[in-house]
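Notes follow the structure.
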Amino acid sequence: MSFSRSLRTKFRRPLASGLAALVLCAGTLVLVGMLDGLQLGAGAAAPTPTLYVNNYTANTVLNFPLSATGNVAPAAIVSSDGSGSVSEPWGEVLDAHGNLWVGNFAGSISEFTSSQLASSGTPTPAVSLQDPGGPSGLVFDSNGDLWATHDSGGGVVEFSASQLTTSGTPTPAVSLTGPQLGDPVGLTFDAAGDLWVASRGGGEVSEFTPAQLAASGSPTPAVIISGLGSTRSPTFDAKGDLWVLVLNGLVELTPGQLAVSGSPTPAVSIGGLTNPYDPQFDTAGDLWLADYGANQVVEFTQSQLSASGNPTPANVIAGSNTTFNGSVGVAISQAPVVTSVTPASGTAGATVTVNGAGFLYGSSVSFGSTPAASVTYRTPYELTATAPAGTGAVDVTVSTSGGTSATSSADQFTYSGSGYREVASDGGIFTYGTSFAGSMGGKHLNAPVVGIAADAATGGYWEVASDGGIFAFNAPFFGSRGGQPLNAPIVGMAATKDGGGYWLVAKDGGIFAYGDAAFAGSMGGKPLNAPVVGIAADTATGGYWEVATDGGIFNFNAPLRGSRGGQPLNAPVVGMAAGGGGAGYWLVAKDGGIFNYGVPFLGSRGGQPLNAPVVGIAASGAGGYWEVATDGGIFNYGAPFLGSRGGQPLNAPVVGIAAG
């Protein structure tokens, strides 16, 4: 009897069979190597959502539209080219380019491209790796390495990304063995990069830390979950719960139950299956799996998975037309979805967490039409991306071979510090390179608006009036001095680094703090040589600086970098802006002159003719700054010019500017 046939006989025994999950790597991944350069045109036609099914006994890989139901014929059937390229196919995993990696129990791993999978035939794999251990489960790790379970020989092995580029018989980069790896049939990574392996024979699910995965050996698992029965094919859902297939169903384990070794009672137990394998969640949160014993593929909805029982599957694909003969692995290719980005605003270079579903190893991320500077894959529900250069509000989209995520308000990222907003004394707002969220223009005011501050968390902003009234636009309201007595009128405001609060400053140097803005002192009630005209926040310390018209600086939980106090000025100082990381600050005078302390001098309007006096300054995220005049004119230094109100009619003079 041949090696392959003897394994096939073993597999047909109902209680001894075992298959691995399609499980997408949930570890940290910086995209390198074979997946570089994935860019899908936003205007291209969306590919048809596709379900791939490994047909173990028939030695085929089947292609169905994800909408398939009932006794339906596959759209394409991929068979072996004669070299064993599809021979007892068991585990499978997709990458974001649409390449399907198939673990053949007979002793190999085959890579088929999306074009090879699109039509029936016997294609030669793009890459073929000989692996006599019977690879029953496949998963990519954070480095693009491919991990495989060895059902026939026991253990788990790692093939490096470089070993995956050409066909051959590579020696695994890492080989793990041990009591919990004697009969492994599925594996997945969590968001911390820990590997979870299901052992059918031992009825256990074991966790191995990244340190334990670094070298070959027989490590003791960090956590062992037992008492579940014949376990196989684990996968995580969007909540971080682990779903594990067992002999006649599947069970759900919460993160708390996974924290320590033991035999926890599953949070949910679903029955009514016959030897199921290979679960995968789609972007709607529905779970698909191959029910080998019943020779079918089934789908359970989120609601059906919310409580224990034996629900009737929402969809069943089965029957003679399917050609199923040992249906085992499933893989889903569909356009991802984005449900949130955090933070929702920031500068170029910011690390942004993208949440959603349908993410694959090798997913690309774009901010508007610009690719992210780097992308890190964490789970099928989370990516992190480095924001490229940009301005304004943009949609953050994720692309795989399954398509590009549809845009919505949930995916928007607003560049702060790359654009700016001007505010007029009537509360009117003029935006350039950033989003408009509303204004007080044309509305009744008890007192004129005197300043503006941007909310780094939401991309919105606040206006402040001279009576201390606050007007919030796509930004939370934390409180105001409106309607309360003041010793001196308010002249400006500044927001905290996280957008969780703000300070108001009065002409006498008094400070009013709201939200998470900490009160660190003020000049209120103290003698001043000149009135205070502005405030800036120190993002390094959480403190702030006040500036007076003579250029004097008053620092509170913020370092004094220097001042113009007591020195001659050609024109009074009218405002200030802080550099990034608390490095220092710029002061701006009414004639556009700049005084820099701890930050670079990049130019000024001092000594040059002006159509209207300068009234404010804002720092850009790139290290430059903008001056604004009462007519809305903008003067940019080390920061892009994105437009201005200069030379255009105004209902009221401009009184301030904020980067955002």
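Each chain in the structure tokens gets a letter, A, B and so on, in the order shown; residues start at 1 in every chain, and ligands are counted from 1 in the order they appear.
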Mind running stretch 383-481 of chain A against stretch 47-61 of chain A at 12 Å and telling me each contacting residue's nearest atom pair with the distance in Å (one decimal), counting only C-alpha atoms, chain and number ascending, as CSV?
```
residue,atom,partner,partner_atom,distance
A:Ser399,CA,A:Pro47,CA,11.4
A:Thr400,CA,A:Pro47,CA,10.0
A:Ser401,CA,A:Pro47,CA,7.6
A:Gly402,CA,A:Pro47,CA,5.7
A:Gly403,CA,A:Pro47,CA,5.9
A:Thr404,CA,A:Pro47,CA,9.3
A:Ser405,CA,A:Pro47,CA,11.8
```
Write out the residues from the selection above, keeping N, CA and C atoms, as a short mmCIF file (atom, residue, chain, number, x, y, z; two decimals), in the first residue's frame.
```cif
data_model
loop_
_atom_site.label_atom_id
_atom_site.label_comp_id
_atom_site.auth_asym_id
_atom_site.auth_seq_id
_atom_site.Cartn_x
_atom_site.Cartn_y
_atom_site.Cartn_z
N SER A 399 -7.46 47.10 0.90
CA SER A 399 -7.60 46.34 -0.33
C SER A 399 -6.95 44.97 -0.21
N THR A 400 -7.63 43.98 -0.77
CA THR A 400 -7.09 42.64 -0.98
C THR A 400 -7.51 42.22 -2.38
N SER A 401 -7.17 41.01 -2.77
CA SER A 401 -7.63 40.52 -4.06
C SER A 401 -9.14 40.41 -4.11
N GLY A 402 -9.78 40.39 -2.94
CA GLY A 402 -11.24 40.32 -2.89
C GLY A 402 -11.91 41.65 -3.15
N GLY A 403 -11.13 42.73 -3.23
CA GLY A 403 -11.70 44.04 -3.51
C GLY A 403 -11.21 45.08 -2.53
N THR A 404 -11.78 46.27 -2.62
CA THR A 404 -11.44 47.40 -1.76
C THR A 404 -12.65 47.76 -0.91
N SER A 405 -12.42 48.04 0.34
CA SER A 405 -13.52 48.36 1.25
C SER A 405 -14.31 49.56 0.76
#
```
>> For the helix (DSSP H, G or I) assignment from backbone DSSP, which residues of stretch 138-306 of chain A qualify? Please present them as a ChimeraX atom specification.
In response: /A:162-164,179-181,292-294,303-305
> If you count only C-alpha atoms, which residues fall within 9 Å of A:Gly500, apart from same-chain ones fewer than 6 positions away, as a list in words?
Replying inline: Asp455, Ala456, Ala457, Pro476, Phe478, Tyr514, Gly515, Asp516 and Ala517 of chain A
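Every protein, DNA or RNA residue with an atom at most 6 Å from stretch 285-296 of chain A, where only C-alpha atoms count and chain neighbours fewer than 3 positions away do not, is listed here: Thr274, Asn275, Pro276, Tyr277, Asp278, Pro279, Gln280, Phe281, Asp282, Glu299, Phe300, Thr301, Gln302, Ile317, Ala318, Gly326, Ser327 and Val328 of chain A.
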>> As an exercise, work out the distance from atom CA of A:Ile452 to atom CA of A:Gly427 in Å and give it to one decimal place.
In response: 9.3 Å
> Could you name the residues that touch A:Thr630 at 7 Å or less, counting only C-alpha atoms, but leaving out those on the same chain fewer than 3 positions away, as a ChimeraX atom specification?
Replying inline: /A:612-615,653-655
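Of the residues in stretch 49-99 of chain A, those given strand (DSSP E) by DSSP on the backbone are Thr50, Leu51, Tyr52, Val53, Asn54, Asn55, Thr60, Val61, Leu62, Asn63, Phe64, Pro65, Ala76, Ile77, Val78, Ser79, Pro89, Trp90, Gly91, Glu92, Val93 and Leu94 of chain A.
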Please list as a PDB file with C-alpha atoms, in the first residue's frame every residue within 9 Å of A:Asn636, counting only C-alpha atoms and excluding residues in the same chain fewer than 5 positions away.
```pdb
ATOM      1  CA  GLY A 603      10.529  83.366   7.909  1.00  0.00           C
ATOM      2  CA  SER A 604       8.064  86.153   8.752  1.00  0.00           C
ATOM      3  CA  GLY A 624       6.266  75.010   9.961  1.00  0.00           C
ATOM      4  CA  TYR A 625       3.650  77.638  10.697  1.00  0.00           C
ATOM      5  CA  TRP A 626       0.969  79.877   9.225  1.00  0.00           C
ATOM      6  CA  GLU A 627       0.182  83.514  10.077  1.00  0.00           C
ATOM      7  CA  VAL A 628      -3.328  84.862   9.513  1.00  0.00           C
ATOM      8  CA  PHE A 641      -0.265  77.283   1.332  1.00  0.00           C
TER       9      PHE A 641
END
```
>> Given only C-alpha atoms as the basis, pick out the residue of A:Ala161, A:Ala238, A:Val260, A:Ala75 nearest to A:Glu207.
In response: A:Val260
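Using only C-alpha atoms, the nearest neighbour of A:Gln334 within the list A:Thr458, A:Ser67, A:Ser620, A:Thr379 is A:Ser67.
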>> If we count only C-alpha atoms and set the cut-off at 12 Å, which residues sit around A:Ile429, ignoring sequence neighbours fewer than 4 positions away in its own chain? Please answer as a PyMOL selection string.
In response: chain A and resi 420-425+434-442+449+451-453+460-463+471+473+632+644-645+650-658
> Using only C-alpha atoms, which of the listed residues (A:Thr265, A:Thr414, A:Ser366, A:Asn355) sits closest to A:Lys239?
Replying inline: A:Asn355
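With distances restricted to only C-alpha atoms, A:Glu252 is the closest residue to A:Ser306 from A:Asp426, A:Glu252, A:Glu204, A:Asp131.
For the pair atom CA of A:Gly329 and atom CA of A:Trp101, the separation is 11.3 Å.
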